[in-house]
$ cat model-v4.csv   # CSV, C-alpha atoms
chain,number,residue,atom,x,y,z
D,1,MET,CA,-178.9,-184.0,-30.7
D,2,SER,CA,-175.8,-182.0,-29.9
D,3,ASN,CA,-177.8,-179.0,-28.7
D,4,ARG,CA,-179.7,-181.2,-26.3
D,5,GLY,CA,-176.4,-182.5,-24.9
D,6,VAL,CA,-175.0,-179.0,-24.4
D,7,VAL,CA,-178.2,-178.0,-22.5
D,8,LEU,CA,-178.0,-181.1,-20.4
D,9,CYS,CA,-174.4,-180.4,-19.5
D,10,VAL,CA,-175.2,-176.8,-18.5
D,11,LEU,CA,-178.1,-178.0,-16.3
D,12,LEU,CA,-176.0,-180.7,-14.6
D,13,ALA,CA,-173.2,-178.2,-13.9
D,14,GLY,CA,-175.7,-175.7,-12.5
D,15,PHE,CA,-177.2,-178.4,-10.3
D,16,CYS,CA,-173.8,-179.4,-8.9
D,17,PHE,CA,-172.8,-175.8,-8.2
D,18,ILE,CA,-176.1,-175.0,-6.4
D,19,SER,CA,-176.0,-178.3,-4.3
D,20,TRP,CA,-172.4,-177.5,-3.2
D,21,LYS,CA,-173.2,-173.9,-2.5
D,22,HIS,CA,-176.1,-174.6,-0.2
D,23,SER,CA,-174.5,-177.6,1.6
D,24,LEU,CA,-172.0,-177.8,4.5
D,25,ILE,CA,-169.5,-180.1,2.7
D,26,GLY,CA,-165.9,-179.3,2.4
D,27,VAL,CA,-163.5,-179.0,-0.5
D,28,THR,CA,-162.8,-182.7,-0.7
D,29,ASP,CA,-166.5,-183.6,-0.8
D,30,ALA,CA,-167.0,-180.9,-3.5
D,31,LEU,CA,-164.2,-182.4,-5.6
D,32,LYS,CA,-165.8,-185.8,-5.2
D,33,LEU,CA,-169.1,-184.4,-6.3
D,34,ALA,CA,-167.6,-182.7,-9.3
D,35,GLY,CA,-165.8,-185.9,-10.3
D,36,ARG,CA,-169.1,-187.9,-10.1
D,37,GLY,CA,-170.7,-185.2,-12.2
D,38,LEU,CA,-168.0,-185.4,-14.8
D,39,ILE,CA,-168.4,-189.2,-14.9
D,40,PHE,CA,-172.1,-188.9,-15.2
D,41,LEU,CA,-171.6,-186.3,-18.0
D,42,GLY,CA,-169.3,-188.7,-19.9
D,43,ILE,CA,-171.8,-191.5,-19.6
D,44,CYS,CA,-174.6,-189.3,-21.0
D,45,THR,CA,-172.3,-188.1,-23.9
D,46,TRP,CA,-171.4,-191.7,-24.8
D,47,LEU,CA,-175.1,-192.7,-24.7
D,48,ILE,CA,-176.0,-189.8,-26.9
D,49,TYR,CA,-173.2,-190.8,-29.4
D,50,MET,CA,-174.2,-194.5,-29.4
D,51,PHE,CA,-178.0,-194.1,-29.5
D,52,PRO,CA,-178.3,-193.5,-33.4
D,53,ARG,CA,-175.9,-196.4,-34.1
D,54,LEU,CA,-177.7,-198.8,-31.7
D,55,LYS,CA,-181.0,-197.7,-33.3
D,56,SER,CA,-179.7,-198.4,-36.8
D,57,PHE,CA,-178.3,-201.8,-35.6
D,58,PHE,CA,-181.4,-203.1,-33.9
D,59,PHE,CA,-183.9,-201.4,-36.4
D,60,PRO,CA,-182.3,-201.4,-39.8
D,61,VAL,CA,-183.9,-199.3,-42.5
D,62,CYS,CA,-184.8,-201.2,-45.7
D,63,GLN,CA,-183.4,-199.1,-48.5
D,64,GLU,CA,-184.4,-199.7,-52.1
D,65,LEU,CA,-181.6,-201.1,-54.1
D,66,PRO,CA,-180.7,-199.2,-57.3
D,67,ASP,CA,-181.2,-202.4,-59.4
D,68,SER,CA,-184.5,-203.4,-57.8
D,69,PRO,CA,-187.5,-204.1,-60.1
D,70,LEU,CA,-189.4,-201.2,-58.5
D,71,HIS,CA,-186.6,-198.7,-59.3
D,72,GLU,CA,-186.3,-200.1,-62.9
D,73,SER,CA,-190.0,-199.7,-63.5
D,74,SER,CA,-190.0,-196.1,-62.2
D,75,ARG,CA,-187.0,-195.3,-64.5
D,76,LEU,CA,-188.8,-196.8,-67.5
D,77,LYS,CA,-192.0,-194.8,-66.7
D,78,GLN,CA,-189.9,-191.5,-66.5
D,79,GLU,CA,-188.2,-192.2,-69.8
D,80,GLN,CA,-191.6,-193.0,-71.5
D,81,VAL,CA,-193.1,-189.8,-70.2
D,82,ARG,CA,-190.0,-187.8,-71.3
D,83,ARG,CA,-190.3,-189.3,-74.8
D,84,ILE,CA,-194.0,-188.5,-75.0
D,85,GLN,CA,-193.3,-184.9,-74.0
D,86,GLN,CA,-190.5,-184.7,-76.6
D,87,HIS,CA,-192.8,-186.0,-79.4
D,88,GLN,CA,-195.5,-183.5,-78.4
D,89,HIS,CA,-192.9,-180.7,-78.5
D,90,ASN,CA,-191.7,-181.8,-81.9
D,91,ASP,CA,-195.2,-182.0,-83.3
D,92,LYS,CA,-195.9,-178.5,-82.1
D,93,THR,CA,-192.7,-177.2,-83.7
D,94,SER,CA,-193.4,-178.9,-87.0
D,95,ASP,CA,-197.0,-177.6,-87.0
D,96,TYR,CA,-195.8,-174.1,-86.4
D,97,ALA,CA,-193.2,-174.3,-89.1
D,98,GLU,CA,-195.8,-175.7,-91.6
D,99,SER,CA,-198.6,-173.2,-90.8
D,100,VAL,CA,-196.6,-170.0,-90.0
D,101,LEU,CA,-192.9,-170.1,-91.0
D,102,LYS,CA,-193.1,-171.7,-94.4
D,103,PRO,CA,-196.0,-169.5,-95.7
D,104,ARG,CA,-194.2,-166.4,-94.5
D,105,GLN,CA,-191.0,-167.5,-96.2
D,106,ASN,CA,-192.8,-168.4,-99.4
D,107,SER,CA,-194.5,-165.0,-99.4
D,108,LEU,CA,-191.3,-163.1,-98.9
D,109,LEU,CA,-189.6,-165.2,-101.7
D,110,GLN,CA,-192.5,-164.5,-104.1
D,111,GLN,CA,-192.3,-160.8,-103.4
D,112,LYS,CA,-188.5,-160.8,-104.1
D,113,ILE,CA,-189.0,-162.8,-107.3
D,114,GLU,CA,-191.7,-160.3,-108.5
D,115,ARG,CA,-189.5,-157.3,-107.6
D,116,HIS,CA,-186.6,-158.9,-109.5
D,117,HIS,CA,-188.6,-159.5,-112.6
D,118,ARG,CA,-190.0,-156.0,-112.6
D,119,MET,CA,-186.5,-154.5,-112.2
D,120,THR,CA,-185.1,-156.6,-115.0
D,121,GLY,CA,-188.1,-156.0,-117.3
D,122,GLU,CA,-189.1,-159.6,-117.4
D,123,THR,CA,-192.7,-159.1,-116.2
D,124,TRP,CA,-193.9,-161.7,-118.7
D,125,LYS,CA,-192.6,-164.4,-116.4
D,126,LEU,CA,-195.2,-163.4,-113.8
D,127,SER,CA,-198.1,-164.3,-116.2
D,128,GLN,CA,-199.6,-167.8,-116.3
D,129,GLY,CA,-199.3,-168.0,-120.2
D,130,LEU,CA,-200.8,-170.7,-122.4
D,131,THR,CA,-199.6,-174.3,-122.6
D,132,VAL,CA,-198.5,-175.8,-125.9
D,133,GLY,CA,-201.4,-177.7,-127.5
D,134,GLY,CA,-203.9,-175.6,-125.5
D,135,GLU,CA,-206.4,-173.1,-126.6
D,136,GLU,CA,-204.2,-171.4,-129.2
D,137,ASP,CA,-203.4,-174.6,-131.1
D,138,GLN,CA,-207.0,-175.7,-130.7
D,139,MET,CA,-208.2,-172.5,-132.3
D,140,CYS,CA,-205.8,-173.1,-135.2
D,141,LEU,CA,-206.7,-176.7,-135.7
D,142,ASP,CA,-210.5,-176.3,-135.2
D,143,VAL,CA,-211.3,-176.9,-138.9
D,144,ASN,CA,-214.8,-177.5,-140.2
D,145,VAL,CA,-215.0,-180.9,-141.7
D,146,ASP,CA,-217.6,-179.8,-144.3
D,147,GLU,CA,-215.6,-176.9,-145.7
D,148,ASN,CA,-214.5,-177.2,-149.4
D,149,PRO,CA,-210.9,-176.6,-150.6
D,150,ASN,CA,-211.6,-173.0,-151.5
D,151,GLN,CA,-212.9,-172.2,-148.0
D,152,GLY,CA,-209.9,-173.9,-146.5
D,153,ALA,CA,-207.5,-172.0,-148.7
D,154,ARG,CA,-209.2,-168.7,-147.8
D,155,ARG,CA,-209.0,-169.5,-144.1
D,156,ARG,CA,-205.3,-170.4,-144.3
D,157,ARG,CA,-204.6,-167.2,-146.3
D,158,LYS,CA,-206.3,-165.0,-143.6
D,159,LEU,CA,-204.4,-166.9,-140.9
D,160,LEU,CA,-201.1,-166.2,-142.8
D,161,GLN,CA,-201.9,-162.5,-143.1
D,162,THR,CA,-202.6,-162.3,-139.4
D,163,VAL,CA,-199.3,-164.0,-138.5
D,164,THR,CA,-197.2,-161.9,-140.9
D,165,ARG,CA,-198.9,-158.6,-140.0
D,166,ASP,CA,-196.4,-155.9,-138.9
D,167,PRO,CA,-196.2,-155.8,-135.1
D,168,VAL,CA,-197.4,-152.7,-133.2
D,169,GLN,CA,-194.6,-150.3,-132.6
D,170,LYS,CA,-193.8,-150.2,-128.9
D,171,GLU,CA,-192.2,-147.5,-127.0
D,172,ALA,CA,-188.5,-147.5,-126.9
D,173,PRO,CA,-187.1,-149.0,-123.7
D,174,LYS,CA,-185.7,-146.6,-121.2
D,175,GLN,CA,-182.0,-146.3,-121.2
D,176,LYS,CA,-180.2,-147.6,-118.1
D,177,LYS,CA,-178.9,-145.0,-115.8
D,178,VAL,CA,-175.1,-144.6,-116.1
D,179,ILE,CA,-173.6,-143.9,-112.6
D,180,VAL,CA,-170.7,-141.4,-112.7
D,181,LEU,CA,-169.2,-140.5,-109.4
D,182,PRO,CA,-167.1,-137.3,-108.9
D,183,ASP,CA,-163.4,-137.6,-108.6
D,184,GLU,CA,-162.1,-138.4,-105.1
D,185,PRO,CA,-160.8,-135.3,-103.3
D,186,SER,CA,-157.4,-135.4,-101.8
D,187,GLU,CA,-156.9,-136.0,-98.1
D,188,ASP,CA,-155.7,-132.4,-97.4
D,189,THR,CA,-158.8,-130.8,-99.0
D,190,GLU,CA,-161.0,-128.8,-96.6
D,191,GLY,CA,-164.2,-130.5,-95.6
D,192,VAL,CA,-163.2,-134.0,-96.8
D,193,VAL,CA,-164.5,-137.1,-94.9
D,194,LYS,CA,-163.5,-140.7,-95.4
D,195,ILE,CA,-166.5,-143.1,-95.5
D,196,ALA,CA,-166.2,-146.9,-95.2
D,197,LEU,CA,-168.9,-149.1,-96.7
D,198,ARG,CA,-169.4,-152.5,-94.9
D,199,CYS,CA,-171.1,-154.9,-97.3
D,200,PRO,CA,-173.2,-157.9,-96.3
D,201,THR,CA,-170.4,-160.1,-97.5
D,202,ARG,CA,-168.1,-158.6,-94.8
D,203,ARG,CA,-166.2,-156.7,-97.5
D,204,THR,CA,-165.3,-153.2,-96.7
D,205,ILE,CA,-164.5,-150.4,-99.3
D,206,HIS,CA,-163.4,-146.9,-98.6
D,207,ARG,CA,-163.8,-143.6,-100.5
D,208,ARG,CA,-163.4,-139.9,-99.8
D,209,PHE,CA,-166.3,-137.4,-100.1
D,210,LEU,CA,-166.8,-133.7,-99.5
D,211,LYS,CA,-169.3,-132.7,-96.8
D,212,THR,CA,-171.1,-130.4,-99.2
D,213,TRP,CA,-171.8,-133.1,-101.7
D,214,SER,CA,-175.3,-134.6,-102.0
D,215,SER,CA,-176.1,-137.6,-99.9
D,216,MET,CA,-177.6,-139.3,-103.0
D,217,LEU,CA,-174.0,-140.0,-104.0
D,218,LEU,CA,-173.9,-142.6,-101.3
D,219,LEU,CA,-176.7,-144.5,-103.0
D,220,ASP,CA,-175.0,-144.2,-106.4
D,221,TRP,CA,-171.8,-145.5,-104.8
D,222,MET,CA,-173.7,-148.4,-103.2
D,223,MET,CA,-175.5,-149.3,-106.5
D,224,LYS,CA,-172.2,-149.2,-108.3
D,225,THR,CA,-170.8,-151.6,-105.8
D,226,GLY,CA,-173.6,-154.1,-106.7
D,227,TYR,CA,-176.4,-153.3,-104.2
D,228,HIS,CA,-179.5,-151.8,-105.7
D,229,PRO,CA,-181.2,-149.1,-103.5
D,230,ALA,CA,-184.6,-150.7,-104.1
D,231,LEU,CA,-183.4,-153.8,-102.1
D,232,TYR,CA,-180.7,-152.3,-99.8
D,233,THR,CA,-180.3,-149.3,-97.6
D,234,LEU,CA,-177.5,-147.6,-95.6
D,235,CYS,CA,-177.4,-147.6,-91.8
D,236,THR,CA,-175.1,-146.0,-89.3
D,237,SER,CA,-173.1,-148.0,-86.8
D,238,TYR,CA,-174.2,-146.4,-83.5
D,239,PRO,CA,-177.0,-145.6,-83.0
D,240,ARG,CA,-178.3,-148.2,-85.5
D,241,LYS,CA,-180.6,-146.2,-87.8
D,242,THR,CA,-181.2,-145.6,-91.5
D,243,LEU,CA,-179.2,-142.7,-93.0
D,244,LEU,CA,-181.3,-139.8,-94.2
D,245,MET,CA,-180.6,-139.4,-97.9
D,246,ALA,CA,-182.2,-137.0,-100.4
D,247,ALA,CA,-181.2,-134.9,-103.4
D,248,ASP,CA,-181.3,-131.6,-101.5
D,249,VAL,CA,-179.6,-133.0,-98.3
D,250,SER,CA,-175.8,-132.8,-98.1
D,251,LEU,CA,-173.6,-135.3,-96.2
D,252,GLU,CA,-173.1,-132.7,-93.5
D,253,GLU,CA,-176.8,-132.3,-93.1
D,254,ALA,CA,-177.3,-136.1,-93.0
D,255,GLY,CA,-175.0,-136.3,-90.0
D,256,ILE,CA,-171.7,-137.2,-91.5
D,257,LEU,CA,-169.2,-134.8,-90.0
D,258,THR,CA,-166.2,-137.0,-89.5
D,259,ASP,CA,-164.9,-140.3,-90.9
D,260,THR,CA,-167.8,-142.7,-90.8
D,261,LEU,CA,-168.6,-146.4,-91.2
D,262,LEU,CA,-171.8,-147.3,-92.9
D,263,HIS,CA,-173.5,-150.7,-93.2
D,264,VAL,CA,-175.3,-152.0,-96.3
D,265,GLU,CA,-178.4,-153.8,-95.0
D,266,GLU,CA,-181.3,-155.5,-96.8
D,267,LYS,CA,-184.6,-153.7,-96.5
D,268,GLU,CA,-187.3,-155.5,-94.6
D,269,LEU,CA,-190.3,-156.5,-96.7
D,270,SER,CA,-193.7,-156.3,-94.9
D,271,VAL,CA,-195.8,-159.4,-95.2
D,272,THR,CA,-199.5,-158.6,-95.7

$ encode --input "model-v4.csv" --output "structure tokens"
Amino acid sequence: MSNRGVVLCVLLAGFCFISWKHSLIGVTDALKLAGRGLIFLGICTWLIYMFPRLKSFFFPVCQELPDSPLHESSRLKQEQVRRIQQHQHNDKTSDYAESVLKPRQNSLLQQKIERHHRMTGETWKLSQGLTVGGEEDQMCLDVNVDENPNQGARRRRKLLQTVTRDPVQKEAPKQKKVIVLPDEPSEDTEGVVKIALRCPTRRTIHRRFLKTWSSMLLLDWMMKTGYHPALYTLCTSYPRKTLLMAADVSLEEAGILTDTLLHVEEKELSVT
């Protein structure tokens, strides 16, 4: 609306200037003509300003009140649709957790339990076993009703011999590995590096090593701290990668040239 008013003013001014230029009127008549043009311009501006208000006065717009029944029903429908969508999302989340996450977690937990029992030598816990009062007791109590006392005594004597028979000699269990770390070199020794070990519990321990020592000493140090190499590994800080460790690889060859911070991280178990 304002742009139209500006265009109208420019056209009116141009009309007044052209009419005065091509006419034989004097200065007084030109001033009168300019005054009339200004009065006309003011009237047009006032009409442009008052037109929207007059329109809203004579033709009021019926706006929907916030508390009207139509607005309330629309709000209730939106809330119902929102609740339905939320329930659908919750159902999808629970289905995914039941069908994917829980079986995966149970599989990982079972693998960890089996590995723990194998490490501690308690593999008998992985077997199903026989229940009390089951097949074994049934075999012992399965007595022929028609047998005479001599046959019953003979059967009980054989059973006693079977129970008291000397057990088969098993192989002697392997002795546990005793971890002995070399003495810490002094700080002024040539080729000494200080290594910090960050545990999963946020505890940090420090120790000095020589660059020429085997990198397997780091695993022995980690195991002596309480983290078995079968379940945990050592990683560098940056870039994040697993440290190369072998019996014939020294610390210098593994990339430890200066004081280093190593992280103890749990190995990822692959789910098949």

$ residues_around --input "model-v4.csv" --residues "D:Val7" --least-positions-apart "6" --cutoff "12 Å" --atoms "only C-alpha atoms" --output "PDB file with C-alpha atoms, in the frame of the given file"
ATOM      1  CA  MET D   1    -178.900-184.000 -30.700  1.00  0.00           C
ATOM      2  CA  ALA D  13    -173.200-178.200 -13.900  1.00  0.00           C
ATOM      3  CA  GLY D  14    -175.700-175.700 -12.500  1.00  0.00           C
ATOM      4  CA  LEU D  41    -171.600-186.300 -18.000  1.00  0.00           C
ATOM      5  CA  CYS D  44    -174.600-189.300 -21.000  1.00  0.00           C
ATOM      6  CA  THR D  45    -172.300-188.100 -23.900  1.00  0.00           C
TER       7      THR D  45
END

$ atom_distance --input "model-v4.csv" --atom1 "atom CA of D:Asp248" --atom2 "atom CA of D:Leu217"
11.4 Å

$ atom_distance --input "model-v4.csv" --atom1 "atom CA of D:Glu114" --atom2 "atom CA of D:Leu126"
7.1 Å

$ atom_distance --input "model-v4.csv" --atom1 "atom CA of D:Ile256" --atom2 "atom CA of D:Arg207"
13.6 Å

$ build_atoms --input "model-v4.csv" --residues "stretch 204-226 of chain D" --atoms "N, CA, C and O atoms" --output "PDB file, in the frame of the given file"
ATOM      1  N   THR D 204    -165.237-154.571 -97.053  1.00  0.00           N
ATOM      2  CA  THR D 204    -165.300-153.200 -96.700  1.00  0.00           C
ATOM      3  C   THR D 204    -164.501-152.358 -97.750  1.00  0.00           C
ATOM      4  O   THR D 204    -163.360-152.708 -98.091  1.00  0.00           O
ATOM      5  N   ILE D 205    -165.153-151.320 -98.282  1.00  0.00           N
ATOM      6  CA  ILE D 205    -164.500-150.400 -99.300  1.00  0.00           C
ATOM      7  C   ILE D 205    -164.517-149.026 -98.717  1.00  0.00           C
ATOM      8  O   ILE D 205    -165.383-148.650 -97.902  1.00  0.00           O
ATOM      9  N   HIS D 206    -163.546-148.240 -99.158  1.00  0.00           N
ATOM     10  CA  HIS D 206    -163.400-146.900 -98.600  1.00  0.00           C
ATOM     11  C   HIS D 206    -163.361-145.897 -99.795  1.00  0.00           C
ATOM     12  O   HIS D 206    -162.944-146.220-100.920  1.00  0.00           O
ATOM     13  N   ARG D 207    -163.822-144.672 -99.479  1.00  0.00           N
ATOM     14  CA  ARG D 207    -163.800-143.600-100.500  1.00  0.00           C
ATOM     15  C   ARG D 207    -163.920-142.273 -99.755  1.00  0.00           C
ATOM     16  O   ARG D 207    -164.525-142.179 -98.685  1.00  0.00           O
ATOM     17  N   ARG D 208    -163.366-141.225-100.346  1.00  0.00           N
ATOM     18  CA  ARG D 208    -163.400-139.900 -99.800  1.00  0.00           C
ATOM     19  C   ARG D 208    -164.499-139.062-100.452  1.00  0.00           C
ATOM     20  O   ARG D 208    -164.674-139.135-101.681  1.00  0.00           O
ATOM     21  N   PHE D 209    -165.215-138.279 -99.653  1.00  0.00           N
ATOM     22  CA  PHE D 209    -166.300-137.400-100.100  1.00  0.00           C
ATOM     23  C   PHE D 209    -166.093-136.025 -99.485  1.00  0.00           C
ATOM     24  O   PHE D 209    -165.436-135.896 -98.444  1.00  0.00           O
ATOM     25  N   LEU D 210    -166.739-135.041-100.078  1.00  0.00           N
ATOM     26  CA  LEU D 210    -166.800-133.700 -99.500  1.00  0.00           C
ATOM     27  C   LEU D 210    -168.142-133.594 -98.708  1.00  0.00           C
ATOM     28  O   LEU D 210    -169.165-134.139 -99.124  1.00  0.00           O
ATOM     29  N   LYS D 211    -168.119-132.865 -97.584  1.00  0.00           N
ATOM     30  CA  LYS D 211    -169.300-132.700 -96.800  1.00  0.00           C
ATOM     31  C   LYS D 211    -170.438-132.004 -97.536  1.00  0.00           C
ATOM     32  O   LYS D 211    -171.623-132.201 -97.250  1.00  0.00           O
ATOM     33  N   THR D 212    -170.056-131.181 -98.501  1.00  0.00           N
ATOM     34  CA  THR D 212    -171.100-130.400 -99.200  1.00  0.00           C
ATOM     35  C   THR D 212    -171.731-131.176-100.342  1.00  0.00           C
ATOM     36  O   THR D 212    -172.701-130.695-100.937  1.00  0.00           O
ATOM     37  N   TRP D 213    -171.236-132.350-100.658  1.00  0.00           N
ATOM     38  CA  TRP D 213    -171.800-133.100-101.700  1.00  0.00           C
ATOM     39  C   TRP D 213    -173.181-133.709-101.287  1.00  0.00           C
ATOM     40  O   TRP D 213    -173.455-133.870-100.099  1.00  0.00           O
ATOM     41  N   SER D 214    -174.015-134.061-102.271  1.00  0.00           N
ATOM     42  CA  SER D 214    -175.300-134.600-102.000  1.00  0.00           C
ATOM     43  C   SER D 214    -175.231-136.006-101.395  1.00  0.00           C
ATOM     44  O   SER D 214    -174.345-136.796-101.752  1.00  0.00           O
ATOM     45  N   SER D 215    -176.142-136.288-100.478  1.00  0.00           N
ATOM     46  CA  SER D 215    -176.100-137.600 -99.900  1.00  0.00           C
ATOM     47  C   SER D 215    -176.572-138.712-100.829  1.00  0.00           C
ATOM     48  O   SER D 215    -176.360-139.894-100.565  1.00  0.00           O
ATOM     49  N   MET D 216    -177.185-138.333-101.972  1.00  0.00           N
ATOM     50  CA  MET D 216    -177.600-139.300-103.000  1.00  0.00           C
ATOM     51  C   MET D 216    -176.372-139.998-103.613  1.00  0.00           C
ATOM     52  O   MET D 216    -176.494-141.070-104.209  1.00  0.00           O
ATOM     53  N   LEU D 217    -175.203-139.358-103.489  1.00  0.00           N
ATOM     54  CA  LEU D 217    -174.000-140.000-104.000  1.00  0.00           C
ATOM     55  C   LEU D 217    -173.682-141.283-103.304  1.00  0.00           C
ATOM     56  O   LEU D 217    -173.074-142.194-103.889  1.00  0.00           O
ATOM     57  N   LEU D 218    -174.088-141.389-102.044  1.00  0.00           N
ATOM     58  CA  LEU D 218    -173.900-142.600-101.300  1.00  0.00           C
ATOM     59  C   LEU D 218    -174.672-143.774-101.904  1.00  0.00           C
ATOM     60  O   LEU D 218    -174.202-144.914-101.997  1.00  0.00           O
ATOM     61  N   LEU D 219    -175.916-143.466-102.321  1.00  0.00           N
ATOM     62  CA  LEU D 219    -176.700-144.500-103.000  1.00  0.00           C
ATOM     63  C   LEU D 219    -176.139-144.912-104.314  1.00  0.00           C
ATOM     64  O   LEU D 219    -176.149-146.094-104.681  1.00  0.00           O
ATOM     65  N   ASP D 220    -175.634-143.906-105.077  1.00  0.00           N
ATOM     66  CA  ASP D 220    -175.000-144.200-106.400  1.00  0.00           C
ATOM     67  C   ASP D 220    -173.757-145.090-106.135  1.00  0.00           C
ATOM     68  O   ASP D 220    -173.502-146.046-106.889  1.00  0.00           O
ATOM     69  N   TRP D 221    -173.009-144.765-105.090  1.00  0.00           N
ATOM     70  CA  TRP D 221    -171.800-145.500-104.800  1.00  0.00           C
ATOM     71  C   TRP D 221    -172.195-146.985-104.377  1.00  0.00           C
ATOM     72  O   TRP D 221    -171.567-147.950-104.797  1.00  0.00           O
ATOM     73  N   MET D 222    -173.275-147.102-103.582  1.00  0.00           N
ATOM     74  CA  MET D 222    -173.700-148.400-103.200  1.00  0.00           C
ATOM     75  C   MET D 222    -174.220-149.227-104.380  1.00  0.00           C
ATOM     76  O   MET D 222    -173.951-150.435-104.503  1.00  0.00           O
ATOM     77  N   MET D 223    -174.953-148.569-105.292  1.00  0.00           N
ATOM     78  CA  MET D 223    -175.500-149.300-106.500  1.00  0.00           C
ATOM     79  C   MET D 223    -174.322-149.664-107.398  1.00  0.00           C
ATOM     80  O   MET D 223    -174.346-150.744-108.004  1.00  0.00           O
ATOM     81  N   LYS D 224    -173.305-148.829-107.495  1.00  0.00           N
ATOM     82  CA  LYS D 224    -172.200-149.200-108.300  1.00  0.00           C
ATOM     83  C   LYS D 224    -171.369-150.325-107.737  1.00  0.00           C
ATOM     84  O   LYS D 224    -170.733-151.090-108.462  1.00  0.00           O
ATOM     85  N   THR D 225    -171.471-150.474-106.424  1.00  0.00           N
ATOM     86  CA  THR D 225    -170.800-151.600-105.800  1.00  0.00           C
ATOM     87  C   THR D 225    -171.533-152.913-106.048  1.00  0.00           C
ATOM     88  O   THR D 225    -170.946-153.988-105.969  1.00  0.00           O
ATOM     89  N   GLY D 226    -172.839-152.839-106.367  1.00  0.00           N
ATOM     90  CA  GLY D 226    -173.600-154.100-106.700  1.00  0.00           C
ATOM     91  C   GLY D 226    -174.819-154.250-105.811  1.00  0.00           C
ATOM     92  O   GLY D 226    -175.412-155.328-105.829  1.00  0.00           O
TER      93      GLY D 226
END
